[in-house]
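Chemist: Provided herewith: data-v1.txt, compact mmCIF, C-alpha atoms.
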```
# COMPACT_ATOMS: atom_id res chain seq x y z
CA MET A 15 -16.26 -1.17 18.92
CA LYS A 16 -16.57 -4.95 18.99
CA ASN A 17 -13.82 -6.81 17.09
CA PHE A 18 -12.13 -3.46 16.35
CA ASN A 19 -8.57 -4.85 16.21
CA ILE A 20 -9.24 -7.63 13.74
CA LYS A 21 -11.47 -5.36 11.61
CA ALA A 22 -8.61 -2.85 11.41
CA VAL A 23 -6.25 -5.64 10.33
CA LEU A 24 -8.66 -6.74 7.59
CA PHE A 25 -8.78 -3.17 6.30
CA LEU A 26 -4.98 -2.91 6.30
CA ASN A 27 -4.52 -6.26 4.50
CA TYR A 28 -7.01 -5.22 1.84
CA PHE A 29 -5.27 -1.85 1.49
CA VAL A 30 -1.87 -3.47 0.82
CA PHE A 31 -3.21 -5.82 -1.85
CA ALA A 32 -5.27 -3.07 -3.45
CA ILE A 33 -2.02 -1.28 -4.27
CA LEU A 34 -0.22 -4.38 -5.49
CA LEU A 35 -3.06 -5.82 -7.57
CA ASN A 36 -4.11 -2.63 -9.26
CA SER A 37 -0.62 -1.48 -10.07
CA VAL A 38 -0.96 -3.69 -13.16
CA GLY A 39 -2.30 -0.77 -15.24
CA THR A 40 0.70 1.37 -14.32
CA VAL A 41 3.11 -1.50 -14.90
CA ILE A 42 1.57 -2.25 -18.30
CA LEU A 43 2.15 1.37 -19.31
CA GLN A 44 5.71 1.41 -17.97
CA VAL A 45 6.92 -1.91 -19.44
CA GLN A 46 5.78 -0.69 -22.86
CA GLN A 47 8.15 2.24 -22.43
CA ASN A 48 11.00 0.48 -20.58
CA PHE A 49 11.16 -2.80 -22.50
CA GLY A 50 9.38 -2.06 -25.81
CA ILE A 51 6.52 -4.48 -25.04
CA SER A 52 3.40 -4.29 -27.26
CA LYS A 53 -0.07 -3.66 -25.78
CA SER A 54 -1.27 -7.19 -26.50
CA SER A 55 1.88 -8.67 -24.96
CA ALA A 56 1.73 -6.38 -21.93
CA SER A 57 -1.91 -7.31 -21.32
CA ILE A 58 -0.78 -10.84 -20.43
CA LEU A 59 0.30 -9.48 -17.04
CA GLU A 60 -3.38 -9.45 -16.12
CA GLY A 61 -3.45 -13.19 -16.79
CA PHE A 62 -0.34 -13.78 -14.68
CA LYS A 63 -2.18 -12.03 -11.86
CA ASP A 64 -5.68 -13.40 -12.26
CA LEU A 65 -5.11 -17.02 -13.30
CA PRO A 66 -3.07 -17.86 -10.16
CA ILE A 67 -5.88 -16.20 -8.17
CA ALA A 68 -8.43 -18.45 -9.86
CA ILE A 69 -6.39 -21.68 -9.62
CA CYS A 70 -5.32 -21.13 -6.02
CA SER A 71 -8.83 -20.15 -4.94
CA PHE A 72 -10.34 -23.23 -6.58
CA ILE A 73 -7.84 -25.57 -4.90
CA LEU A 74 -7.77 -24.03 -1.41
CA ALA A 75 -11.19 -22.46 -0.83
CA SER A 76 -13.06 -25.47 0.50
CA PHE A 77 -10.55 -26.39 3.19
CA LEU A 78 -8.80 -23.08 3.93
CA PRO A 79 -10.47 -22.90 7.37
CA LYS A 80 -8.65 -26.11 8.33
CA ILE A 81 -5.34 -24.53 7.31
CA GLY A 82 -6.27 -21.46 9.31
CA ILE A 83 -7.61 -18.09 8.17
CA LYS A 84 -4.94 -16.13 10.03
CA ASN A 85 -2.13 -18.47 8.92
CA SER A 86 -3.20 -18.10 5.30
CA MET A 87 -3.11 -14.30 5.48
CA LEU A 88 0.32 -14.36 7.15
CA ALA A 89 1.71 -16.62 4.41
CA ALA A 90 0.34 -14.28 1.72
CA LEU A 91 1.88 -11.19 3.30
CA PHE A 92 5.24 -12.93 3.75
CA MET A 93 5.42 -13.92 0.06
CA VAL A 94 4.60 -10.47 -1.31
CA SER A 95 6.97 -8.78 1.14
CA CYS A 96 9.87 -10.88 -0.15
CA MET A 97 8.92 -10.25 -3.80
CA CYS A 98 8.61 -6.48 -3.32
CA PHE A 99 12.15 -6.29 -1.97
CA VAL A 100 13.39 -8.05 -5.13
CA MET A 101 11.57 -5.80 -7.65
CA PRO A 102 13.88 -2.73 -7.51
CA PHE A 103 16.50 -4.92 -9.21
CA ALA A 104 14.17 -5.99 -12.08
CA SER A 105 15.92 -6.10 -15.45
CA GLY A 106 13.44 -7.86 -17.74
CA PHE A 107 9.75 -8.40 -18.50
CA TRP A 108 9.80 -11.92 -17.00
CA ILE A 109 10.20 -10.68 -13.43
CA PHE A 110 6.97 -8.70 -13.69
CA LYS A 111 5.21 -11.92 -14.70
CA LEU A 112 6.66 -13.57 -11.57
CA LEU A 113 5.63 -10.61 -9.42
CA PHE A 114 2.00 -10.73 -10.48
CA ALA A 115 1.88 -14.54 -10.24
CA ILE A 116 2.97 -14.32 -6.58
CA VAL A 117 0.64 -11.39 -5.94
CA GLY A 118 -2.19 -13.45 -7.48
CA VAL A 119 -1.59 -16.51 -5.30
CA SER A 120 -1.24 -14.33 -2.22
CA PHE A 121 -4.39 -12.34 -2.97
CA ALA A 122 -6.37 -15.55 -3.35
CA LEU A 123 -5.39 -16.44 0.22
CA ILE A 124 -6.13 -12.92 1.47
CA LYS A 125 -9.49 -12.43 -0.23
CA ILE A 126 -10.95 -15.80 0.76
CA SER A 127 -9.71 -15.24 4.30
CA VAL A 128 -11.06 -11.69 4.50
CA PHE A 129 -14.47 -12.58 3.03
CA THR A 130 -14.72 -15.54 5.40
CA SER A 131 -13.71 -13.37 8.35
CA ILE A 132 -16.48 -10.82 7.71
CA GLY A 133 -19.05 -13.35 8.88
CA LEU A 134 -17.04 -13.77 12.09
CA VAL A 135 -16.87 -10.08 12.97
CA THR A 136 -20.44 -9.06 12.03
CA GLU A 137 -23.75 -10.20 13.54
CA THR A 138 -26.57 -9.23 11.17
CA ASP A 139 -27.18 -9.25 7.40
CA LYS A 140 -27.28 -5.44 7.28
CA GLU A 141 -24.07 -5.17 9.30
CA HIS A 142 -22.48 -7.71 6.95
CA SER A 143 -23.56 -5.71 3.89
CA SER A 144 -22.45 -2.40 5.39
CA PHE A 145 -19.04 -3.72 6.47
CA MET A 146 -18.55 -5.29 3.03
CA GLY A 147 -19.27 -1.93 1.40
CA PHE A 148 -16.84 -0.06 3.64
CA LEU A 149 -14.17 -2.74 3.17
CA GLU A 150 -14.44 -2.62 -0.62
CA GLY A 151 -14.41 1.18 -0.38
CA PHE A 152 -11.17 1.06 1.57
CA PHE A 153 -9.81 -1.30 -1.08
CA MET A 154 -10.34 1.48 -3.60
CA ILE A 155 -8.62 3.96 -1.28
CA GLY A 156 -5.65 1.60 -1.57
CA VAL A 157 -5.93 1.70 -5.37
CA LEU A 158 -6.03 5.50 -5.26
CA ALA A 159 -3.02 5.67 -2.91
CA GLY A 160 -1.14 3.20 -5.08
CA ASN A 161 -1.64 5.23 -8.24
CA LEU A 162 -0.53 8.42 -6.50
CA LEU A 163 2.47 6.63 -5.01
CA PHE A 164 3.59 5.24 -8.38
CA SER A 165 3.10 8.62 -10.07
CA LEU A 166 5.57 10.20 -7.62
CA TYR A 167 8.30 7.88 -8.92
CA ILE A 168 7.61 8.46 -12.64
CA ASP A 169 10.11 10.50 -14.66
CA ASP A 170 8.07 12.30 -17.35
CA HIS A 171 11.23 13.66 -18.97
CA ASN A 172 12.82 10.24 -19.40
CA PRO A 173 10.17 7.60 -20.33
CA GLN A 174 12.81 4.83 -20.32
CA SER A 175 13.87 5.50 -16.74
CA THR A 176 13.45 2.58 -14.30
CA HIS A 177 13.56 4.84 -11.24
CA TRP A 178 9.89 4.03 -10.67
CA LEU A 179 10.89 0.51 -9.51
CA ASN A 180 12.06 2.06 -6.22
CA VAL A 181 8.40 2.29 -5.23
CA TYR A 182 8.62 -1.40 -4.34
CA TRP A 183 10.83 -0.60 -1.32
CA VAL A 184 7.85 1.30 0.10
CA LEU A 185 5.42 -1.50 -0.78
CA GLY A 186 7.70 -4.10 0.78
CA ALA A 187 7.83 -2.12 4.02
CA LEU A 188 4.05 -1.68 4.02
CA SER A 189 3.33 -5.40 3.51
CA THR A 190 5.85 -6.28 6.24
CA LEU A 191 4.07 -3.88 8.62
CA SER A 192 0.75 -5.51 7.78
CA PHE A 193 2.28 -8.93 8.50
CA LEU A 194 3.39 -7.78 11.96
CA PHE A 195 0.01 -6.26 12.85
CA LEU A 196 -1.78 -9.45 11.85
CA PHE A 197 0.71 -11.65 13.69
CA PHE A 198 -0.15 -9.96 16.99
CA SER A 199 -3.94 -9.91 16.43
CA LYS A 200 -6.42 -12.56 17.55
CA LEU A 201 -9.16 -14.12 15.40
CA ASN A 202 -11.66 -16.70 16.64
CA GLU A 203 -12.10 -19.07 13.66
CA LYS A 204 -14.32 -21.68 15.32
CA GLU A 205 -17.56 -20.81 13.48
CA VAL A 206 -16.13 -21.25 9.98
CA LYS A 207 -14.79 -24.71 10.67
CA SER A 208 -16.93 -27.73 9.89
CA GLU A 209 -15.48 -30.27 12.29
CA LYS A 210 -17.80 -33.02 11.02
CA THR A 211 -16.19 -33.23 7.58
CA ASP A 212 -12.85 -34.28 6.17
CA LEU A 213 -11.26 -32.99 2.96
CA LEU A 214 -13.68 -34.96 0.76
CA GLY A 215 -16.62 -33.62 2.75
CA ASP A 216 -15.35 -30.06 2.37
CA LEU A 217 -15.10 -30.52 -1.38
CA LYS A 218 -18.65 -31.89 -1.49
CA ASN A 219 -19.87 -28.84 0.43
CA SER A 220 -18.21 -26.60 -2.14
CA ALA A 221 -19.64 -28.56 -5.06
CA SER A 222 -23.13 -28.37 -3.52
CA LEU A 223 -23.15 -24.60 -4.06
CA PHE A 224 -23.48 -25.16 -7.81
CA SER A 225 -26.85 -26.82 -7.25
CA TYR A 226 -28.45 -23.48 -6.39
CA LYS A 227 -29.61 -21.31 -9.28
CA LYS A 228 -29.12 -18.15 -7.22
CA VAL A 229 -25.43 -19.02 -6.83
CA LEU A 230 -25.08 -19.61 -10.57
CA PHE A 231 -26.63 -16.26 -11.46
CA PHE A 232 -24.48 -14.58 -8.81
CA LEU A 233 -21.29 -16.08 -10.26
CA LEU A 234 -22.31 -14.80 -13.70
CA CYS A 235 -22.87 -11.34 -12.17
CA ALA A 236 -19.45 -11.39 -10.48
CA PHE A 237 -17.75 -12.51 -13.70
CA LEU A 238 -19.43 -9.83 -15.82
CA PHE A 239 -18.86 -7.04 -13.32
CA VAL A 240 -15.13 -7.67 -12.89
CA LEU A 241 -14.78 -8.07 -16.67
CA VAL A 242 -15.99 -4.46 -17.01
CA GLU A 243 -14.33 -3.06 -13.89
CA GLN A 244 -10.88 -4.50 -14.55
CA SER A 245 -10.81 -3.42 -18.17
CA PHE A 246 -11.39 0.18 -17.05
CA GLN A 247 -8.95 0.09 -14.15
CA THR A 248 -6.18 -1.59 -16.15
CA TRP A 249 -6.41 0.46 -19.34
CA THR A 250 -7.29 3.93 -18.04
CA PRO A 251 -3.60 5.03 -17.75
CA THR A 252 -2.88 3.90 -21.32
CA PHE A 253 -6.12 5.53 -22.55
CA TYR A 254 -5.08 8.85 -21.02
CA LYS A 255 -1.55 8.61 -22.38
CA GLU A 256 -2.35 7.57 -25.95
CA ILE A 257 -5.88 8.86 -26.60
CA LEU A 258 -6.01 12.03 -24.51
CA LYS A 259 -2.23 12.65 -24.91
CA VAL A 260 -1.60 13.78 -21.32
CA PRO A 261 1.79 13.32 -19.55
CA THR A 262 2.62 9.85 -18.16
CA SER A 263 2.43 10.89 -14.50
CA MET A 264 -0.95 12.51 -15.11
CA SER A 265 -2.14 9.34 -16.86
CA ILE A 266 -1.33 7.32 -13.77
CA GLN A 267 -2.94 9.94 -11.53
CA ALA A 268 -6.10 9.52 -13.64
CA GLY A 269 -6.11 5.95 -12.38
CA ALA A 270 -6.02 7.40 -8.87
CA VAL A 271 -9.02 9.62 -9.65
CA LEU A 272 -10.87 6.58 -10.97
CA ALA A 273 -10.00 4.71 -7.77
CA GLY A 274 -11.18 7.68 -5.71
CA ALA A 275 -14.52 7.62 -7.49
CA PHE A 276 -14.74 3.88 -6.83
CA ALA A 277 -13.91 4.42 -3.15
CA LEU A 278 -16.59 7.09 -2.75
CA GLY A 279 -19.15 4.89 -4.51
CA ARG A 280 -18.36 1.91 -2.29
CA PHE A 281 -18.42 3.92 0.91
CA LEU A 282 -21.81 5.27 -0.13
CA SER A 283 -22.97 1.72 -0.85
CA GLY A 284 -22.31 0.99 2.83
CA PHE A 285 -24.99 3.57 3.66
CA PHE A 286 -27.38 2.81 0.78
CA SER A 287 -27.43 -0.90 1.66
CA LYS A 288 -29.14 0.04 4.94
CA LYS A 289 -31.83 2.06 3.14
CA PHE A 290 -32.61 0.31 -0.14
CA SER A 291 -32.88 -3.20 -1.53
CA TRP A 292 -29.65 -4.29 -3.23
CA ILE A 293 -31.36 -4.85 -6.59
CA TYR A 294 -32.41 -1.18 -6.77
CA VAL A 295 -28.86 -0.05 -6.02
CA VAL A 296 -27.35 -2.40 -8.63
CA SER A 297 -29.91 -1.51 -11.32
CA PHE A 298 -29.43 2.23 -10.81
CA CYS A 299 -25.65 1.88 -10.99
CA VAL A 300 -25.58 -0.29 -14.14
CA ILE A 301 -27.99 1.95 -16.05
CA GLY A 302 -26.30 5.12 -14.81
CA PHE A 303 -22.85 3.91 -15.86
CA ALA A 304 -24.05 2.83 -19.31
CA VAL A 305 -25.67 6.22 -19.94
CA SER A 306 -22.55 8.04 -18.70
CA LEU A 307 -20.41 5.96 -21.05
CA LEU A 308 -22.54 6.93 -24.02
CA LEU A 309 -22.35 10.61 -23.06
CA VAL A 310 -18.66 10.88 -22.11
CA LEU A 311 -16.79 8.72 -24.66
CA PRO A 312 -17.84 10.84 -27.70
CA LEU A 313 -16.11 13.80 -26.00
CA THR A 314 -12.74 12.01 -26.22
CA HIS A 315 -12.72 11.96 -30.04
CA HIS A 316 -10.51 14.50 -31.86
CA ILE A 317 -9.44 16.10 -28.60
CA HIS A 318 -6.33 18.31 -28.61
CA ILE A 319 -4.35 18.59 -25.37
CA GLY A 320 -1.09 20.52 -25.11
CA THR A 321 2.13 19.23 -23.57
CA ASP A 322 1.77 21.72 -20.72
CA THR A 323 -1.59 20.25 -19.64
CA ASN A 324 -2.13 19.57 -15.95
CA TRP A 325 -5.09 19.06 -13.62
CA LEU A 326 -5.63 22.83 -13.37
CA ASN A 327 -6.11 23.47 -17.09
CA ALA A 328 -7.31 20.15 -18.53
CA PRO A 329 -10.53 19.86 -20.62
CA LEU A 330 -13.71 18.72 -18.85
CA VAL A 331 -13.60 15.18 -20.28
CA VAL A 332 -10.29 14.53 -18.49
CA TYR A 333 -12.20 14.81 -15.21
CA LEU A 334 -15.45 13.17 -16.31
CA PHE A 335 -14.02 9.88 -17.57
CA PRO A 336 -12.66 8.52 -14.26
CA LEU A 337 -15.60 9.89 -12.23
CA MET A 338 -17.86 7.35 -13.95
CA GLY A 339 -16.26 4.75 -11.69
CA GLY A 340 -18.42 6.02 -8.84
CA LEU A 341 -21.45 4.46 -10.52
CA LEU A 342 -19.81 1.06 -11.00
CA ALA A 343 -18.47 0.90 -7.46
CA PRO A 344 -21.47 -0.22 -5.35
CA ILE A 345 -22.28 -3.23 -7.55
CA TYR A 346 -19.58 -5.66 -6.39
CA PRO A 347 -19.97 -5.36 -2.60
CA SER A 348 -23.76 -5.44 -2.96
CA ILE A 349 -23.92 -8.74 -4.85
CA ASN A 350 -21.15 -10.33 -2.75
CA SER A 351 -22.84 -9.50 0.53
CA VAL A 352 -26.21 -10.78 -0.67
CA ILE A 353 -24.88 -14.21 -1.58
CA LEU A 354 -22.67 -14.61 1.51
CA ALA A 355 -25.51 -13.60 3.81
CA SER A 356 -27.70 -16.24 2.12
CA ILE A 357 -25.59 -19.26 3.14
CA PRO A 358 -24.31 -20.78 6.43
CA LYS A 359 -20.98 -19.49 7.76
CA TYR A 360 -19.24 -22.84 7.29
CA LEU A 361 -19.78 -22.42 3.53
CA HIS A 362 -18.41 -18.86 3.42
CA SER A 363 -14.87 -19.98 2.62
CA ALA A 364 -16.04 -22.14 -0.28
CA MET A 365 -18.31 -19.37 -1.58
CA SER A 366 -15.52 -16.80 -1.21
CA GLY A 367 -13.29 -19.08 -3.27
CA LEU A 368 -15.85 -19.19 -6.06
CA ILE A 369 -16.17 -15.39 -5.92
CA VAL A 370 -12.42 -15.02 -6.32
CA VAL A 371 -12.22 -17.62 -9.12
CA PHE A 372 -14.96 -16.11 -11.28
CA SER A 373 -13.78 -12.56 -10.56
CA ALA A 374 -10.24 -13.46 -11.59
CA ILE A 375 -11.38 -15.09 -14.83
CA GLY A 376 -13.57 -12.10 -15.62
CA GLY A 377 -10.71 -9.69 -14.93
CA THR A 378 -8.30 -11.56 -17.18
CA ILE A 379 -10.73 -11.87 -20.09
CA GLY A 380 -11.82 -8.24 -19.76
CA SER A 381 -8.28 -6.89 -19.79
CA ILE A 382 -7.13 -9.06 -22.71
CA ILE A 383 -10.17 -8.22 -24.85
CA THR A 384 -9.82 -4.52 -24.07
CA GLY A 385 -6.10 -4.60 -24.86
CA PHE A 386 -6.72 -6.35 -28.18
CA VAL A 387 -9.53 -3.99 -29.28
CA PHE A 388 -7.52 -0.99 -28.07
CA GLN A 389 -4.54 -2.05 -30.21
CA GLU A 390 -6.46 -3.11 -33.32
CA PHE A 391 -9.20 -0.47 -33.36
CA SER A 392 -9.32 2.33 -30.77
CA GLY A 393 -9.52 3.01 -27.04
CA GLN A 394 -13.07 4.34 -27.41
CA GLN A 395 -14.32 1.19 -29.12
CA ALA A 396 -12.64 -0.93 -26.45
CA PHE A 397 -14.71 0.80 -23.75
CA TYR A 398 -17.93 0.92 -25.80
CA LEU A 399 -17.70 -2.88 -25.87
CA SER A 400 -18.45 -2.95 -22.12
CA LEU A 401 -22.10 -2.15 -22.86
CA ILE A 402 -22.62 -5.82 -23.80
CA PRO A 403 -21.56 -7.35 -20.44
CA LEU A 404 -23.38 -4.53 -18.60
CA SER A 405 -26.65 -5.56 -20.30
CA LEU A 406 -26.08 -9.20 -19.31
CA LEU A 407 -25.15 -8.14 -15.77
CA ILE A 408 -28.40 -6.34 -15.01
CA THR A 409 -30.40 -9.22 -16.51
CA SER A 410 -28.57 -11.77 -14.33
CA ALA A 411 -29.01 -9.60 -11.22
CA ILE A 412 -32.78 -9.46 -11.75
CA PHE A 413 -32.97 -13.27 -11.97
CA MET A 414 -30.71 -13.60 -8.93
CA ASN A 415 -33.00 -11.35 -6.90
CA LYS A 416 -36.01 -13.60 -7.56
CA LEU A 417 -34.34 -16.78 -6.31
CA LYS A 418 -33.92 -18.08 -2.75
CA ILE A 419 -31.43 -20.40 -1.06
CA ASN A 420 -32.38 -22.86 1.66
CA PRO A 421 -29.27 -25.03 2.12
CA LYS A 422 -29.35 -28.06 4.36
CA LYS A 423 -26.67 -28.15 7.02
```
Please express what this file holds, its structure, as structure tokens.
Modeler:
Amino acid sequence: MKNFNIKAVLFLNYFVFAILLNSVGTVILQVQQNFGISKSSASILEGFKDLPIAICSFILASFLPKIGIKNSMLAALFMVSCMCFVMPFASGFWIFKLLFAIVGVSFALIKISVFTSIGLVTETDKEHSSFMGFLEGFFMIGVLAGNLLFSLYIDDHNPQSTHWLNVYWVLGALSTLSFLFLFFSKLNEKEVKSEKTDLLGDLKNSASLFSYKKVLFFLLCAFLFVLVEQSFQTWTPTFYKEILKVPTSMSIQAGAVLAGAFALGRFLSGFFSKKFSWIYVVSFCVIGFAVSLLLVLPLTHHIHIGTDTNWLNAPLVVYLFPLMGGLLAPIYPSINSVILASIPKYLHSAMSGLIVVFSAIGGTIGSIITGFVFQEFSGQQAFYLSLIPLSLLITSAIFMNKLKINPKK
């Protein structure tokens, strides 16, 4: 397979950061138990993760190719490796804020670099879309693996135990391994570099993207989607623990089931993108998820689950809730691939930066709103609220589909 080595490295990098980024839901649940942190206070960890992603992406995206795509990914992996080896000694809430801030900055470098690299290792629009789908699917495999990994270190009999922090030794080793694989891989970055421009020219190229209506509607779609997605991923463990009353380890495993459903949906999107127009895929998924939400959430009211509940004897709703993620999953890679395939490769880094910025802002806002509504009202109402951004998402996607981009080089 052409470019097999570098493609494998991109998958591995995404896998590592999938675990680190999406551990925030587990960490939010655990710091409430270990340090007596309230839901609204714990939800700020999402901001410590996403705001550095947004700020770093905004600053670096336009001229990252000049720094070097490979160099940027190496720097990101080095920073998170060091931080992971510090985490087993954590003794206060502040160090988790530092962890997610570093993970956020590092992920900004990784995601822009990975999205920019896709255009270098694929040759056609359909190949681009398919590879994007598989890559995002593998990201969710990382989320699934991360949730399972964390659940293995949870002590259900002693909620205040900090034994779970030992999981970071494993994550540190994994990120170091990814660093070494990347270090010895080759990536031809010539096509993404615009040799004719300096820093000011690169910034102008980035700013020019805002002049296209299709880009604006896309950014709104990305913002709205991640707002919904992140609220579900972050708060599912807490929802299972406090609303469904299942054991802590099972609550975290529910996050793994949700990630598995996302992974399956994104892998399938890699196939569907070759058969159907992206707008049909996105519309089907948004409507399907909204209907599922309306059918499944009522089942979580007044539910009684015993302390001896496990995956072999749990009520049907315990399985249904995370499986809804399979319908959300294809949306993100579909809209990302469409916009990246619409612009020249030398603008991919700038566009990737905007994707990361608006996704990060959406994730932060979604998690904070969900945490607030969850605390003040109920977990069900917090998730019902997602019907509003879903309605705006499908409307924006329809407008985006009708617009074209013809940028001047």
Chemist: Which of these, A:Leu238, A:Ile83, A:Ala273, A:Leu354, has the shortest distance to Ser127 in chain A once you count only C-alpha atoms?
Modeler: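 Looking at the shortest contact to Ser127 in chain A, the residue is A:Ile83.
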Chemist: Just checking: using all atoms listed in the file, which residue out of A:Ala277, A:Val41, A:Met365, A:Val310 ends up closest to Lys53 in chain A?
Modeler: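 Between A:Ala277, A:Val41, A:Met365, A:Val310, the residue approaching Lys53 in chain A most closely is A:Val41.
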Chemist: Enclose range 154-172 of chain A, meaning all of its atoms listed in the file, in a box aligned along x, y and z, pad it by 5 Å on each side, and list the centre and edge lengths in Å to one decimal, as lines of an AutoDock Vina configuration file.
Modeler:
```
center_x = 1.2
center_y = 7.6
center_z = -10.3
size_x = 33.2
size_y = 22.2
size_z = 28.1
```
Chemist: I want to know what sits within 6 Å of range 324-338 of chain A, based on all atoms listed in the file, with residues of the same chain fewer than 5 positions away left out; could you give that as a list in words?
Modeler: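 So, after excluding close chain neighbours, the residues are Val271, Leu272 and Ala275 of chain A.
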Chemist: Residues near Val296 in chain A, anyone? I mean within 9 Å using only C-alpha atoms, not counting same-chain ones fewer than 6 positions away, as a CSV table (one decimal) with C-alpha atoms, keeping the file's coordinate frame.
Modeler:
```csv
chain,number,residue,atom,x,y,z
A,342,LEU,CA,-19.8,1.1,-11.0
A,344,PRO,CA,-21.5,-0.2,-5.4
A,345,ILE,CA,-22.3,-3.2,-7.6
A,346,TYR,CA,-19.6,-5.7,-6.4
A,348,SER,CA,-23.8,-5.4,-3.0
A,349,ILE,CA,-23.9,-8.7,-4.8
A,408,ILE,CA,-28.4,-6.3,-15.0
A,411,ALA,CA,-29.0,-9.6,-11.2
```
Chemist: Between A:Cys235, A:Leu258, A:Pro358, A:Gln389, which is the closest to Leu406 in chain A once you count all atoms listed in the file?
Modeler: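 Checking each candidate against Leu406 in chain A, we get A:Cys235 as the closest.
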Chemist: Counting all atoms listed in the file, write as a ChimeraX atom specification all protein and nucleic acid residues lying at most 8 Å from (-17.8, -19.1, -12.4) in the file's frame.
Modeler: /A:230,233-234,237,368-369,371-373,375
Chemist: With only C-alpha atoms as the counted atoms, please give the residues lying no more than 8 Å from range 281-289 of chain A, apart from itself and same-chain residues fewer than 3 positions off, as a PyMOL selection string.
Modeler: chain A and resi 140+143-148+150-152+277-278+292+295+344+347-348
Chemist: Mind dumping the selected residues with C-alpha atoms as an mmCIF file, in the frame of the given file?
Modeler:
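Writing the result to part.cif gives the following:
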```
data_model
loop_
_atom_site.group_PDB
_atom_site.id
_atom_site.type_symbol
_atom_site.label_atom_id
_atom_site.label_comp_id
_atom_site.auth_asym_id
_atom_site.auth_seq_id
_atom_site.Cartn_x
_atom_site.Cartn_y
_atom_site.Cartn_z
ATOM 1 C CA LYS A 140 -27.280 -5.440 7.280
ATOM 2 C CA SER A 143 -23.560 -5.710 3.890
ATOM 3 C CA SER A 144 -22.450 -2.400 5.390
ATOM 4 C CA PHE A 145 -19.040 -3.720 6.470
ATOM 5 C CA MET A 146 -18.550 -5.290 3.030
ATOM 6 C CA GLY A 147 -19.270 -1.930 1.400
ATOM 7 C CA PHE A 148 -16.840 -0.060 3.640
ATOM 8 C CA GLU A 150 -14.440 -2.620 -0.620
ATOM 9 C CA GLY A 151 -14.410 1.180 -0.380
ATOM 10 C CA PHE A 152 -11.170 1.060 1.570
ATOM 11 C CA ALA A 277 -13.910 4.420 -3.150
ATOM 12 C CA LEU A 278 -16.590 7.090 -2.750
ATOM 13 C CA TRP A 292 -29.650 -4.290 -3.230
ATOM 14 C CA VAL A 295 -28.860 -0.050 -6.020
ATOM 15 C CA PRO A 344 -21.470 -0.220 -5.350
ATOM 16 C CA PRO A 347 -19.970 -5.360 -2.600
ATOM 17 C CA SER A 348 -23.760 -5.440 -2.960
#
```
Chemist: Could you list, as JSON, numbers by chain, every residue within 9 Å of Met93 in chain A, counting all atoms listed in the file and ignoring same-chain residues fewer than 5 positions away?
Modeler: {"A": [88, 98, 116, 117, 120]}
Chemist: What separation in Å, quoted to one decimal, exists between CA of Asp170 in chain A and CA of Asp322 in chain A?
Modeler: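 Those two atoms sit 11.8 Å apart.
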Chemist: If you measure from CA of Phe99 in chain A to CA of Pro66 in chain A, what distance in Å do you get, rounded to one decimal?
Modeler: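 Distance between the two atoms: 20.8 Å.
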Chemist: Please report the interatomic distance between CA of His177 in chain A and CA of Phe121 in chain A in Å with one decimal.
Modeler: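 Result for CA of His177 in chain A versus CA of Phe121 in chain A: 26.2 Å, one decimal.
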Chemist: Place a sphere of radius 10 Å on (2.6, 10.6, -7.3) in the file coordinates and name every protein, DNA or RNA residue with an atom inside or on its surface, counting all atoms listed in the file; give the answer as a PDB file with C-alpha atoms, keeping the file's coordinate frame.
Modeler:
```pdb
ATOM      1  CA  ALA A 159      -3.020   5.670  -2.910  1.00  0.00           C
ATOM      2  CA  GLY A 160      -1.140   3.200  -5.080  1.00  0.00           C
ATOM      3  CA  ASN A 161      -1.640   5.230  -8.240  1.00  0.00           C
ATOM      4  CA  LEU A 162      -0.530   8.420  -6.500  1.00  0.00           C
ATOM      5  CA  LEU A 163       2.470   6.630  -5.010  1.00  0.00           C
ATOM      6  CA  PHE A 164       3.590   5.240  -8.380  1.00  0.00           C
ATOM      7  CA  SER A 165       3.100   8.620 -10.070  1.00  0.00           C
ATOM      8  CA  LEU A 166       5.570  10.200  -7.620  1.00  0.00           C
ATOM      9  CA  TYR A 167       8.300   7.880  -8.920  1.00  0.00           C
ATOM     10  CA  ILE A 168       7.610   8.460 -12.640  1.00  0.00           C
ATOM     11  CA  SER A 263       2.430  10.890 -14.500  1.00  0.00           C
ATOM     12  CA  MET A 264      -0.950  12.510 -15.110  1.00  0.00           C
ATOM     13  CA  ILE A 266      -1.330   7.320 -13.770  1.00  0.00           C
ATOM     14  CA  GLN A 267      -2.940   9.940 -11.530  1.00  0.00           C
ATOM     15  CA  ALA A 270      -6.020   7.400  -8.870  1.00  0.00           C
TER      16      ALA A 270
END
```
Chemist: Give me the residues within 10 Å of Phe49 in chain A as a list in words, counting only C-alpha atoms and dropping any in the same chain fewer than 6 places off.
Modeler: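 So, after excluding close chain neighbours, the residues are Ser105, Gly106, Phe107 and Gln174 of chain A.
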Chemist: Smallest atom-to-atom distance to His142 in chain A: which of A:Tyr254, A:Phe129, A:Ala268, A:Lys416, using all atoms listed in the file?
Modeler: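 For His142 in chain A, the nearest of the candidates is A:Phe129.
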Chemist: Which of these residues is nearest to Ala343 in chain A, using all atoms listed in the file: A:Met154, A:Val260, A:Leu399, A:Leu188?
Modeler: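 Of A:Met154, A:Val260, A:Leu399, A:Leu188, the one nearest Ala343 in chain A is A:Met154, counting all atoms listed in the file.
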Chemist: Determine the nearest neighbour of Glu60 in chain A from the options A:Phe193, A:Phe103, A:Phe276, A:Phe110, counting only C-alpha atoms.
Modeler: A:Phe110
